[in-house]
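Novice: Just one file: input-v6.csv, with CSV, C-alpha atoms.
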chain,number,residue,atom,x,y,z
A,1082,MET,CA,14.7,6.0,21.5
A,1083,SER,CA,11.1,5.2,22.5
A,1084,VAL,CA,8.4,5.2,19.8
A,1085,LEU,CA,5.1,5.4,21.6
A,1086,MET,CA,1.5,5.1,20.6
A,1087,GLY,CA,-2.0,5.7,21.9
A,1088,THR,CA,-5.4,4.8,20.5
A,1089,ALA,CA,-8.9,6.0,21.1
A,1090,LYS,CA,-12.5,5.8,19.7
A,1091,ALA,CA,-14.0,8.9,18.1
A,1092,GLY,CA,-17.0,7.0,16.8
A,1093,LEU,CA,-16.1,7.3,13.1
A,1094,LYS,CA,-16.5,3.6,12.3
A,1095,PRO,CA,-19.9,2.0,12.1
A,1096,SER,CA,-18.5,-0.9,14.0
A,1097,GLY,CA,-17.6,1.3,17.0
A,1098,ARG,CA,-14.0,0.0,17.0
A,1099,THR,CA,-10.9,2.0,17.7
A,1100,ASP,CA,-10.5,4.6,15.0
A,1101,LEU,CA,-7.8,7.0,16.1
A,1102,LEU,CA,-4.0,6.5,16.5
A,1103,VAL,CA,-1.3,8.8,17.7
A,1104,VAL,CA,2.4,7.9,17.3
A,1105,TYR,CA,4.9,10.0,19.3
A,1106,SER,CA,8.7,10.0,19.5
A,1107,GLU,CA,10.7,11.3,22.4
A,1108,LYS,CA,13.3,12.7,19.8
A,1109,PRO,CA,12.6,13.8,16.2
A,1110,PHE,CA,12.1,11.3,13.5
A,1111,LEU,CA,13.9,11.8,10.2
A,1112,VAL,CA,11.0,11.4,7.7
A,1113,SER,CA,10.6,10.6,4.0
A,1114,ALA,CA,7.1,10.6,2.7
A,1115,VAL,CA,5.3,9.8,-0.6
A,1116,TYR,CA,1.7,10.4,-1.3
A,1117,THR,CA,-1.0,9.7,-3.8
A,1118,LYS,CA,-0.7,11.2,-7.3
A,1119,ASN,CA,-4.4,11.6,-7.5
A,1120,HIS,CA,-5.2,15.2,-8.2
A,1121,PHE,CA,-8.3,14.9,-6.0
A,1122,LYS,CA,-6.3,14.8,-2.8
A,1123,ALA,CA,-7.7,14.6,0.7
A,1124,ALA,CA,-7.2,17.5,3.2
A,1125,PRO,CA,-4.7,15.6,5.4
A,1126,VAL,CA,-2.6,14.7,2.3
A,1127,ILE,CA,-2.5,18.4,1.3
A,1128,TYR,CA,-1.7,19.4,4.9
A,1129,SER,CA,1.1,16.8,5.5
A,1130,LYS,CA,2.6,17.1,2.0
A,1131,ARG,CA,3.1,20.9,2.5
A,1132,LEU,CA,5.0,20.1,5.7
A,1133,THR,CA,7.2,17.2,4.3
A,1134,ASP,CA,8.0,19.3,1.2
A,1135,ARG,CA,9.9,21.7,3.5
A,1136,ARG,CA,10.8,19.8,6.6
A,1137,THR,CA,12.5,16.5,7.3
A,1138,HIS,CA,12.1,16.1,11.1
A,1139,PHE,CA,8.9,15.4,13.0
A,1140,ARG,CA,7.9,14.3,16.4
A,1141,ALA,CA,4.4,12.8,16.0
A,1142,PHE,CA,1.7,11.8,13.6
A,1143,VAL,CA,-2.0,11.2,14.0
A,1144,VAL,CA,-4.3,8.9,11.9
A,1145,ASN,CA,-8.1,8.7,12.0
A,1146,SER,CA,-9.9,5.9,10.2
A,1147,GLY,CA,-13.6,5.7,9.1
A,1148,ASN,CA,-13.6,9.2,7.5
A,1149,ALA,CA,-11.2,10.3,4.7
A,1150,ASN,CA,-11.7,14.0,5.3
A,1151,CYS,CA,-11.7,14.3,1.5
A,1152,GLY,CA,-14.0,16.5,-0.6
A,1153,THR,CA,-14.7,18.5,2.5
A,1154,GLY,CA,-13.5,21.9,1.2
A,1155,LYS,CA,-11.6,24.5,3.3
A,1156,GLU,CA,-13.2,23.2,6.4
A,1157,GLY,CA,-11.6,19.9,5.9
A,1158,LEU,CA,-8.1,21.4,5.7
A,1159,ARG,CA,-8.8,23.4,8.8
A,1160,HIS,CA,-9.8,20.2,10.6
A,1161,ALA,CA,-6.5,18.6,9.6
A,1162,GLU,CA,-4.7,21.6,11.0
A,1163,MET,CA,-6.8,21.3,14.2
A,1164,MET,CA,-5.8,17.7,14.6
A,1165,ALA,CA,-2.1,18.6,14.4
A,1166,GLU,CA,-2.6,21.5,16.8
A,1167,ARG,CA,-4.3,19.3,19.4
A,1168,VAL,CA,-1.6,16.7,19.3
A,1169,ALA,CA,1.0,19.4,19.6
A,1170,GLN,CA,-0.7,20.9,22.6
A,1171,ASN,CA,-0.7,17.5,24.4
A,1172,PHE,CA,3.0,17.0,23.9
A,1173,GLY,CA,4.3,20.6,24.1
A,1174,LEU,CA,5.3,20.6,20.4
A,1175,GLU,CA,4.9,23.0,17.5
A,1176,PRO,CA,2.0,22.0,15.2
A,1177,GLU,CA,4.6,21.8,12.3
A,1178,GLU,CA,6.1,18.8,14.1
A,1179,VAL,CA,2.9,16.8,13.7
A,1180,LEU,CA,1.7,15.0,10.5
A,1181,VAL,CA,-1.9,14.1,9.9
A,1182,PHE,CA,-3.5,11.2,8.0
A,1183,SER,CA,-7.0,10.0,7.4
A,1184,THR,CA,-8.7,7.1,5.7
A,1185,GLY,CA,-12.4,6.1,5.1
A,1186,ILE,CA,-15.4,7.4,3.3
A,1187,ILE,CA,-15.1,10.5,1.0
A,1188,GLY,CA,-17.3,13.6,1.2
A,1189,VAL,CA,-18.4,13.3,4.8
A,1190,PRO,CA,-17.5,16.2,7.2
A,1191,LEU,CA,-15.2,15.1,10.0
A,1192,PRO,CA,-16.9,15.4,13.4
A,1193,ILE,CA,-14.0,17.4,14.6
A,1194,GLU,CA,-15.0,17.8,18.3
A,1195,ARG,CA,-15.2,14.0,18.7
A,1196,VAL,CA,-11.9,13.6,17.0
A,1197,LEU,CA,-10.2,16.2,19.2
A,1198,ARG,CA,-11.5,14.5,22.3
A,1199,ALA,CA,-10.2,11.2,21.0
A,1200,ILE,CA,-6.8,12.7,20.4
A,1201,ASP,CA,-6.7,13.9,24.0
A,1202,GLU,CA,-7.5,10.4,25.1
A,1203,ALA,CA,-4.9,8.8,22.9
A,1204,CYS,CA,-2.2,11.2,23.9
A,1205,SER,CA,-2.9,10.5,27.6
A,1206,SER,CA,-2.6,6.7,27.3
A,1207,LEU,CA,0.7,6.2,25.5
A,1208,GLY,CA,2.5,2.9,25.5
A,1209,PRO,CA,5.1,1.1,23.4
A,1210,LEU,CA,4.4,0.9,19.7
A,1211,ASP,CA,2.4,-2.2,19.0
A,1212,LEU,CA,2.3,-2.9,15.3
A,1213,ARG,CA,-0.8,-5.1,15.4
A,1214,ARG,CA,-2.9,-2.7,17.5
A,1215,ALA,CA,-1.6,0.3,15.4
A,1216,SER,CA,-2.8,-1.4,12.2
A,1217,GLU,CA,-6.1,-2.3,13.7
A,1218,ALA,CA,-6.7,1.3,14.7
A,1219,ILE,CA,-6.2,2.7,11.2
A,1220,SER,CA,-8.0,-0.1,9.3
A,1221,THR,CA,-11.3,0.4,7.5
A,1222,THR,CA,-12.6,-2.5,5.3
A,1223,ASP,CA,-9.5,-4.6,6.2
A,1224,ALA,CA,-10.2,-8.1,7.3
A,1225,TYR,CA,-7.1,-8.3,9.4
A,1226,PRO,CA,-4.2,-6.1,10.6
A,1227,LYS,CA,-1.1,-5.7,8.4
A,1228,TYR,CA,2.4,-5.4,9.8
A,1229,ALA,CA,5.9,-6.8,9.4
A,1230,GLU,CA,9.4,-6.8,11.0
A,1231,ALA,CA,13.0,-7.3,9.9
A,1232,PRO,CA,16.3,-6.7,11.8
A,1233,LEU,CA,16.6,-3.1,10.5
A,1234,ALA,CA,13.0,-2.2,9.9
A,1235,TYR,CA,9.4,-2.7,11.2
A,1236,GLY,CA,6.1,-1.2,10.3
A,1237,PHE,CA,2.3,-1.4,9.9
A,1238,GLY,CA,-0.2,-0.4,7.3
A,1239,LYS,CA,-3.8,-0.7,6.1
A,1240,GLY,CA,-5.6,-1.2,2.8
A,1241,ALA,CA,-8.1,-3.5,1.1
A,1242,GLY,CA,-9.9,-1.6,-1.7
A,1243,MET,CA,-9.1,1.3,-4.0
A,1244,ILE,CA,-5.7,-0.3,-4.5
A,1245,HIS,CA,-3.6,0.8,-7.4
A,1246,PRO,CA,-0.6,3.0,-8.1
A,1247,ASN,CA,0.1,5.7,-7.4
A,1248,MET,CA,-0.1,4.4,-4.7
A,1249,ALA,CA,-3.3,2.8,-3.4
A,1250,THR,CA,-5.9,3.5,-0.8
A,1251,MET,CA,-3.4,2.5,1.8
A,1252,LEU,CA,-1.5,4.0,4.6
A,1253,ALA,CA,1.9,2.5,5.6
A,1254,PHE,CA,4.4,3.5,8.2
A,1255,VAL,CA,7.8,1.8,8.3
A,1256,PHE,CA,10.4,2.6,11.0
A,1257,THR,CA,14.1,2.0,11.2
A,1258,PRO,CA,16.7,2.8,13.9
A,1259,VAL,CA,19.4,3.3,11.4
A,1260,LYS,CA,21.1,6.7,11.3
A,1261,VAL,CA,21.2,8.0,7.7
A,1262,ASP,CA,21.1,11.4,6.0
A,1263,PHE,CA,17.9,12.5,4.4
A,1264,GLU,CA,19.2,12.1,0.8
A,1265,THR,CA,20.1,8.4,1.5
A,1266,LEU,CA,16.8,7.7,3.2
A,1267,ARG,CA,14.9,9.4,0.4
A,1268,ARG,CA,16.7,7.4,-2.3
A,1269,LEU,CA,16.1,4.1,-0.5
A,1270,HIS,CA,12.5,5.0,0.2
A,1271,LEU,CA,11.7,5.8,-3.5
A,1272,GLU,CA,13.4,2.7,-4.8
A,1273,VAL,CA,11.6,0.4,-2.3
A,1274,ASN,CA,8.3,2.1,-3.0
A,1275,GLU,CA,8.4,1.5,-6.7
A,1276,ARG,CA,8.9,-2.3,-6.2
A,1277,THR,CA,6.3,-2.6,-3.5
A,1278,PHE,CA,3.4,-0.2,-3.0
A,1279,ASN,CA,3.7,1.1,-6.5
A,1280,SER,CA,3.5,-2.4,-7.9
A,1281,ILE,CA,0.3,-3.7,-6.4
A,1282,THR,CA,-3.3,-3.5,-7.6
A,1283,VAL,CA,-6.7,-4.8,-6.4
A,1284,ASP,CA,-9.2,-2.8,-8.5
A,1285,GLY,CA,-7.2,-0.3,-10.6
A,1286,CYS,CA,-8.6,2.7,-8.5
A,1287,THR,CA,-6.1,5.2,-7.3
A,1288,SER,CA,-7.1,6.6,-3.9
A,1289,THR,CA,-7.3,10.2,-2.6
A,1290,ASN,CA,-5.5,9.5,0.8
A,1291,ASP,CA,-2.7,7.1,0.3
A,1292,SER,CA,0.6,7.8,2.1
A,1293,PHE,CA,3.7,5.9,2.8
A,1294,LEU,CA,6.3,7.1,5.3
A,1295,VAL,CA,9.7,5.8,6.3
A,1296,LEU,CA,10.8,7.2,9.6
A,1297,SER,CA,14.3,6.9,11.1
A,1298,THR,CA,14.9,7.2,14.8
A,1299,LEU,CA,18.6,7.9,14.0
A,1300,GLU,CA,20.0,5.5,16.6
A,1301,GLY,CA,22.5,3.1,15.1
A,1302,GLU,CA,24.8,2.5,12.1
A,1303,ALA,CA,24.2,0.0,9.3
A,1304,ASP,CA,25.2,-0.5,5.7
A,1305,PRO,CA,22.7,1.2,3.3
A,1306,ALA,CA,22.4,-2.0,1.3
A,1307,ASP,CA,21.3,-3.9,4.4
A,1308,LEU,CA,18.9,-1.1,5.3
A,1309,LYS,CA,17.4,-1.2,1.8
A,1310,LYS,CA,17.0,-5.0,2.0
A,1311,ASP,CA,15.1,-4.8,5.2
A,1312,LEU,CA,13.0,-1.8,4.2
A,1313,TYR,CA,12.1,-3.7,1.1
A,1314,SER,CA,11.3,-6.9,3.1
A,1315,VAL,CA,8.9,-5.0,5.4
A,1316,ALA,CA,7.3,-2.9,2.7
A,1317,LEU,CA,6.8,-5.9,0.4
A,1318,SER,CA,5.2,-8.0,3.2
A,1319,ILE,CA,2.7,-5.2,4.0
A,1320,ALA,CA,2.0,-4.7,0.3
A,1321,LYS,CA,1.3,-8.3,-0.3
A,1322,GLN,CA,-0.9,-8.5,2.8
A,1323,ILE,CA,-2.9,-5.6,1.3
A,1324,VAL,CA,-3.3,-7.5,-2.0
A,1325,ALA,CA,-4.3,-10.7,-0.2
A,1326,ASP,CA,-6.9,-8.8,1.7
A,1327,GLY,CA,-8.3,-7.1,-1.4
A,1328,GLU,CA,-12.0,-6.7,-0.8
A,1329,GLY,CA,-13.5,-10.1,-1.5
A,1330,ALA,CA,-10.2,-11.6,-2.7
A,1331,THR,CA,-9.4,-15.3,-2.5
A,1332,LYS,CA,-6.2,-15.3,-4.5
A,1333,VAL,CA,-3.0,-13.4,-5.0
A,1334,GLY,CA,-1.5,-13.3,-8.5
A,1335,VAL,CA,2.2,-12.7,-8.7
A,1336,VAL,CA,2.8,-11.4,-12.2
A,1337,GLU,CA,6.4,-11.6,-13.3
A,1338,VAL,CA,7.6,-10.2,-16.6
A,1339,LEU,CA,11.1,-11.6,-17.3
A,1340,LYS,CA,13.9,-11.1,-19.9
A,1341,ALA,CA,12.5,-7.8,-21.2
A,1342,GLU,CA,14.6,-5.2,-22.9
A,1343,SER,CA,14.0,-2.6,-20.2
A,1344,GLU,CA,12.5,-2.3,-16.8
A,1345,GLU,CA,10.0,0.2,-18.1
A,1346,LYS,CA,8.7,-2.3,-20.6
A,1347,ALA,CA,8.6,-5.1,-18.1
A,1348,ARG,CA,6.7,-2.9,-15.6
A,1349,ALA,CA,4.2,-1.7,-18.2
A,1350,ILE,CA,3.4,-5.2,-19.4
A,1351,ALA,CA,3.2,-6.6,-15.8
A,1352,GLU,CA,0.8,-3.8,-14.9
A,1353,LYS,CA,-1.4,-4.6,-18.0
A,1354,ILE,CA,-1.7,-8.2,-17.0
A,1355,ALA,CA,-2.2,-7.5,-13.3
A,1356,THR,CA,-5.0,-5.0,-14.0
A,1357,SER,CA,-6.8,-7.0,-16.6
A,1358,LEU,CA,-10.3,-7.8,-15.4
A,1359,LEU,CA,-10.3,-11.0,-17.5
A,1360,VAL,CA,-7.1,-12.2,-16.0
A,1361,LYS,CA,-8.3,-11.4,-12.5
A,1362,THR,CA,-11.6,-13.2,-13.0
A,1363,ALA,CA,-9.7,-16.2,-14.5
A,1364,LEU,CA,-7.6,-16.2,-11.4
A,1365,PHE,CA,-10.8,-16.3,-9.3
A,1366,GLY,CA,-12.2,-19.2,-11.3
A,1367,ALA,CA,-8.9,-21.1,-11.4
A,1368,ASP,CA,-9.0,-20.9,-15.2
A,1369,PRO,CA,-5.6,-21.3,-16.9
A,1370,ASN,CA,-6.6,-19.0,-19.7
A,1371,TRP,CA,-3.3,-18.1,-21.2
A,1372,GLY,CA,-5.0,-16.3,-24.0
A,1373,ARG,CA,-6.1,-13.6,-21.6
A,1374,ILE,CA,-2.6,-13.2,-20.3
A,1375,ALA,CA,-1.1,-13.0,-23.8
A,1376,ALA,CA,-3.7,-10.4,-24.9
A,1377,ALA,CA,-3.1,-8.3,-21.8
A,1378,ALA,CA,0.7,-8.4,-22.4
A,1379,GLY,CA,0.1,-7.3,-26.0
A,1380,SER,CA,-2.0,-4.4,-25.0
A,1381,ALA,CA,0.9,-2.3,-23.6
A,1382,PHE,CA,0.8,-0.5,-27.0
A,1383,ASP,CA,4.1,1.5,-26.5
A,1384,TYR,CA,6.0,-1.7,-25.8
A,1385,PRO,CA,5.5,-4.3,-28.6
A,1386,ILE,CA,6.1,-7.9,-28.0
A,1387,ASP,CA,7.1,-10.8,-30.3
A,1388,PRO,CA,4.6,-13.6,-29.7
A,1389,ASP,CA,6.9,-16.1,-31.4
A,1390,ARG,CA,9.6,-15.5,-28.7
A,1391,MET,CA,7.2,-15.1,-25.7
A,1392,GLU,CA,6.6,-17.9,-23.1
A,1393,ILE,CA,3.8,-17.9,-20.6
A,1394,TYR,CA,3.8,-20.0,-17.4
A,1395,VAL,CA,1.3,-20.4,-14.6
A,1396,GLY,CA,3.2,-21.8,-11.6
A,1397,ASP,CA,5.8,-24.1,-13.3
A,1398,PHE,CA,3.4,-25.1,-16.0
A,1399,LEU,CA,4.4,-23.9,-19.5
A,1400,LEU,CA,1.2,-22.9,-21.4
A,1401,PHE,CA,2.5,-21.0,-24.4
A,1402,LYS,CA,5.7,-21.1,-26.5
A,1403,ASP,CA,6.8,-20.6,-30.1
A,1404,GLY,CA,3.6,-18.7,-30.9
A,1405,ARG,CA,1.2,-21.5,-30.0
A,1406,PRO,CA,-0.2,-23.5,-27.0
A,1407,ALA,CA,2.4,-25.7,-25.3
A,1408,GLY,CA,0.1,-28.7,-25.0
A,1409,THR,CA,0.1,-28.8,-21.2
A,1410,ASP,CA,-2.8,-30.6,-19.5
A,1411,LEU,CA,-4.9,-27.6,-18.5
A,1412,GLU,CA,-6.8,-29.6,-15.8
A,1413,ARG,CA,-3.6,-30.1,-13.9
A,1414,VAL,CA,-3.0,-26.3,-14.1
A,1415,ALA,CA,-6.5,-25.6,-12.9
A,1416,GLU,CA,-6.0,-27.9,-10.0
A,1417,PHE,CA,-2.8,-26.1,-9.1
A,1418,MET,CA,-4.7,-22.7,-9.2
A,1419,ARG,CA,-7.6,-24.1,-7.1
A,1420,THR,CA,-5.3,-25.3,-4.4
A,1421,HIS,CA,-2.8,-22.4,-4.1
A,1422,LYS,CA,-3.6,-19.0,-2.5
A,1423,GLU,CA,-0.7,-17.4,-4.3
A,1424,VAL,CA,-0.5,-18.1,-8.1
A,1425,PRO,CA,2.6,-17.1,-10.0
A,1426,ILE,CA,2.0,-15.9,-13.6
A,1427,ARG,CA,5.3,-15.6,-15.6
A,1428,VAL,CA,5.7,-14.0,-19.0
A,1429,VAL,CA,9.2,-14.5,-20.5
A,1430,LEU,CA,9.8,-12.1,-23.4
A,1431,ASN,CA,13.3,-13.5,-24.3
A,1432,GLU,CA,14.7,-10.1,-25.5
A,1433,GLY,CA,16.8,-8.8,-22.6
A,1434,ASP,CA,17.7,-9.0,-18.9
A,1435,ALA,CA,15.2,-6.7,-17.3
A,1436,SER,CA,12.3,-7.8,-15.1
A,1437,TRP,CA,9.4,-6.5,-13.0
A,1438,THR,CA,6.9,-8.1,-10.6
A,1439,TYR,CA,3.4,-6.9,-9.9
A,1440,TYR,CA,1.0,-8.2,-7.3
A,1441,THR,CA,-2.7,-8.5,-7.9
A,1442,SER,CA,-5.8,-10.0,-6.4
A,1443,ASP,CA,-8.6,-12.0,-8.1
A,1444,LEU,CA,-11.9,-10.3,-8.8
A,1445,THR,CA,-14.8,-11.9,-7.0
A,1446,TYR,CA,-18.5,-11.6,-6.5
A,1447,ASP,CA,-17.8,-10.2,-3.0
A,1448,TYR,CA,-15.8,-7.3,-4.3
A,1449,VAL,CA,-18.9,-6.1,-6.3
A,1450,ARG,CA,-21.1,-6.6,-3.3
A,1451,LEU,CA,-18.9,-4.8,-0.8
A,1452,ASN,CA,-18.4,-1.8,-3.0
A,1453,ALA,CA,-21.9,-1.6,-4.3
A,1454,GLU,CA,-23.0,-1.1,-0.6
A,1455,TYR,CA,-20.0,0.9,0.6
A,1456,THR,CA,-21.7,4.2,1.5
A,1457,THR,CA,-25.1,2.8,2.6
Is it possible to express this structure as structure tokens?

Specialist:
Amino acid sequence: MSVLMGTAKAGLKPSGRTDLLVVYSEKPFLVSAVYTKNHFKAAPVIYSKRLTDRRTHFRAFVVNSGNANCGTGKEGLRHAEMMAERVAQNFGLEPEEVLVFSTGIIGVPLPIERVLRAIDEACSSLGPLDLRRASEAISTTDAYPKYAEAPLAYGFGKGAGMIHPNMATMLAFVFTPVKVDFETLRRLHLEVNERTFNSITVDGCTSTNDSFLVLSTLEGEADPADLKKDLYSVALSIAKQIVADGEGATKVGVVEVLKAESEEKARAIAEKIATSLLVKTALFGADPNWGRIAAAAGSAFDYPIDPDRMEIYVGDFLLFKDGRPAGTDLERVAEFMRTHKEVPIRVVLNEGDASWTYYTSDLTYDYVRLNAEYTT
């Protein structure tokens, strides 16, 4: 089956770059979708969620970047509908077969006539799906395109700021040729999402527009375990690219909580560490401040820890054990942090077999500058 795409410029980005993407399939996709849990949802999220709550097969989707179409009232919802209708007209589809997504600035009315003209242009210039170009078309403050491939899955996404579950200010679209039933696809999708896009943070801010779709072209057979492995590989790669591109970021912190008594506890503690501003600034400054890590771990109030059993590592350097500093040369640890883009932070609770990994970026001067000037 051919997955095709077209791009165009609607003039939504100050840069003047490509800002509209249409993806079309010659036969229906089987689609599983998850969306932001923010109660202040953008119009395209409301529109698309209504469709994916009652349908499983779609033929196309359209994405505009540079304008979130959020906080735009009933007019915004009508504009999302008009975008679907225009794509449907171009391809001879029913509007219900088309999903709509937007990303960009909140509270600015969508210049719908320009968007509709751009849709016509994109639909008239279809070519094979190009993951890099697709990602570039939907990007906003991204410094680079985000995409990944595996034998049974491939996809693209965007995101750099407002990154935090559930899910992040991100859009991600992952495709597979594997023929599966909806229940299997949905189960695999939700399991993969929890360990990838729902386990990343840049700034602790949950977006209004984030959406993650898995789309099957229903062409070939494969073992569900193999499909899950490749969906996870692609989703994790895109998720980590988003964290690495966190606005102003220079480091990725890989926060692992190991040997916990439950996954829920491991996840809660990992999230506390990953979202700690003190940990994130220490990551930026290459400061092996294990006290900040320990304090963050202890702040998951519903999940008590035993400091006398807990161990803390940065990279392979043991910093804390038996309730006290481990005596490691901290300058060696600081040098490791300065010279590595990805910095592992491991907290071993020594109470069970469960684990969770969270991915975070450092907090830099540039993050403040970029976001202080975002709307002006």

Novice: What gap, in Å, lies between atom CA of A:Pro1406 and atom CA of A:Ile1393?

Specialist: 9.4 Å

Novice: Which of these residues is nearest to A:Gln1322, using all atoms listed in the file: A:Val1255, A:Leu1400, A:Ala1241, A:Ala1161?

Specialist: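 Ranked by minimum distance to A:Gln1322, first place goes to A:Ala1241.
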
Novice: With only C-alpha atoms as the atoms that count, which of A:Asn1171, A:Thr1137, A:Thr1409, A:Ser1220 lies nearest to A:Glu1264?

Specialist: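 Among the listed residues, the smallest separation from A:Glu1264 belongs to A:Thr1137.
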
Novice: Around the point (15.2, -4.3, -13.7), in the coordinates given by the file, pick out the residues reaching within 7 Å, counting only C-alpha atoms, and return them as a list in words.

Specialist: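 Selection result: Ser1343, Glu1344, Ala1435, Ser1436 and Trp1437 of chain A.
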
Novice: Please determine the residues with any atom at most 12 Å from (7.6, -6.5, 13.4) (coordinates as given in the file, with all atoms listed in the file counting) and report them as a ChimeraX atom specification.

Specialist: /A:1210-1216,1227-1238,1254-1257,1311-1312,1314-1316,1318-1319

Novice: Just the selected residues (C-alpha atoms), exported as a PDB file, in the coordinates of the input, please.

Specialist:
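Here's the written file selection.pdb:
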ATOM      1  CA  LEU A1210       4.400   0.900  19.700  1.00  0.00           C
ATOM      2  CA  ASP A1211       2.400  -2.200  19.000  1.00  0.00           C
ATOM      3  CA  LEU A1212       2.300  -2.900  15.300  1.00  0.00           C
ATOM      4  CA  ARG A1213      -0.800  -5.100  15.400  1.00  0.00           C
ATOM      5  CA  ARG A1214      -2.900  -2.700  17.500  1.00  0.00           C
ATOM      6  CA  ALA A1215      -1.600   0.300  15.400  1.00  0.00           C
ATOM      7  CA  SER A1216      -2.800  -1.400  12.200  1.00  0.00           C
ATOM      8  CA  LYS A1227      -1.100  -5.700   8.400  1.00  0.00           C
ATOM      9  CA  TYR A1228       2.400  -5.400   9.800  1.00  0.00           C
ATOM     10  CA  ALA A1229       5.900  -6.800   9.400  1.00  0.00           C
ATOM     11  CA  GLU A1230       9.400  -6.800  11.000  1.00  0.00           C
ATOM     12  CA  ALA A1231      13.000  -7.300   9.900  1.00  0.00           C
ATOM     13  CA  PRO A1232      16.300  -6.700  11.800  1.00  0.00           C
ATOM     14  CA  LEU A1233      16.600  -3.100  10.500  1.00  0.00           C
ATOM     15  CA  ALA A1234      13.000  -2.200   9.900  1.00  0.00           C
ATOM     16  CA  TYR A1235       9.400  -2.700  11.200  1.00  0.00           C
ATOM     17  CA  GLY A1236       6.100  -1.200  10.300  1.00  0.00           C
ATOM     18  CA  PHE A1237       2.300  -1.400   9.900  1.00  0.00           C
ATOM     19  CA  GLY A1238      -0.200  -0.400   7.300  1.00  0.00           C
ATOM     20  CA  PHE A1254       4.400   3.500   8.200  1.00  0.00           C
ATOM     21  CA  VAL A1255       7.800   1.800   8.300  1.00  0.00           C
ATOM     22  CA  PHE A1256      10.400   2.600  11.000  1.00  0.00           C
ATOM     23  CA  THR A1257      14.100   2.000  11.200  1.00  0.00           C
ATOM     24  CA  ASP A1311      15.100  -4.800   5.200  1.00  0.00           C
ATOM     25  CA  LEU A1312      13.000  -1.800   4.200  1.00  0.00           C
ATOM     26  CA  SER A1314      11.300  -6.900   3.100  1.00  0.00           C
ATOM     27  CA  VAL A1315       8.900  -5.000   5.400  1.00  0.00           C
ATOM     28  CA  ALA A1316       7.300  -2.900   2.700  1.00  0.00           C
ATOM     29  CA  SER A1318       5.200  -8.000   3.200  1.00  0.00           C
ATOM     30  CA  ILE A1319       2.700  -5.200   4.000  1.00  0.00           C
TER      31      ILE A1319
END

Novice: Could you give me, as a count of residues only, the residues within 12 Å of A:Ala1347, counting all atoms listed in the file and dropping anything in the same chain fewer than 3 positions from it?

Specialist: 35

Novice: Check the smallest atom-to-atom distance from each of A:Lys1108, A:Arg1098, A:Arg1159, A:Arg1450 to A:Tyr1128 using all atoms listed in the file, then report the winner.

Specialist: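 For A:Tyr1128, the nearest of the candidates is A:Arg1159.
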
Novice: Please provide the set of residues having any atom within 12 Å of A:His1160, restricted to all atoms listed in the file, with same-chain residues fewer than 3 positions apart removed, written as a ChimeraX atom specification.

Specialist: /A:1123-1125,1127-1128,1145,1149-1151,1153-1157,1163-1167,1181-1183,1190-1197
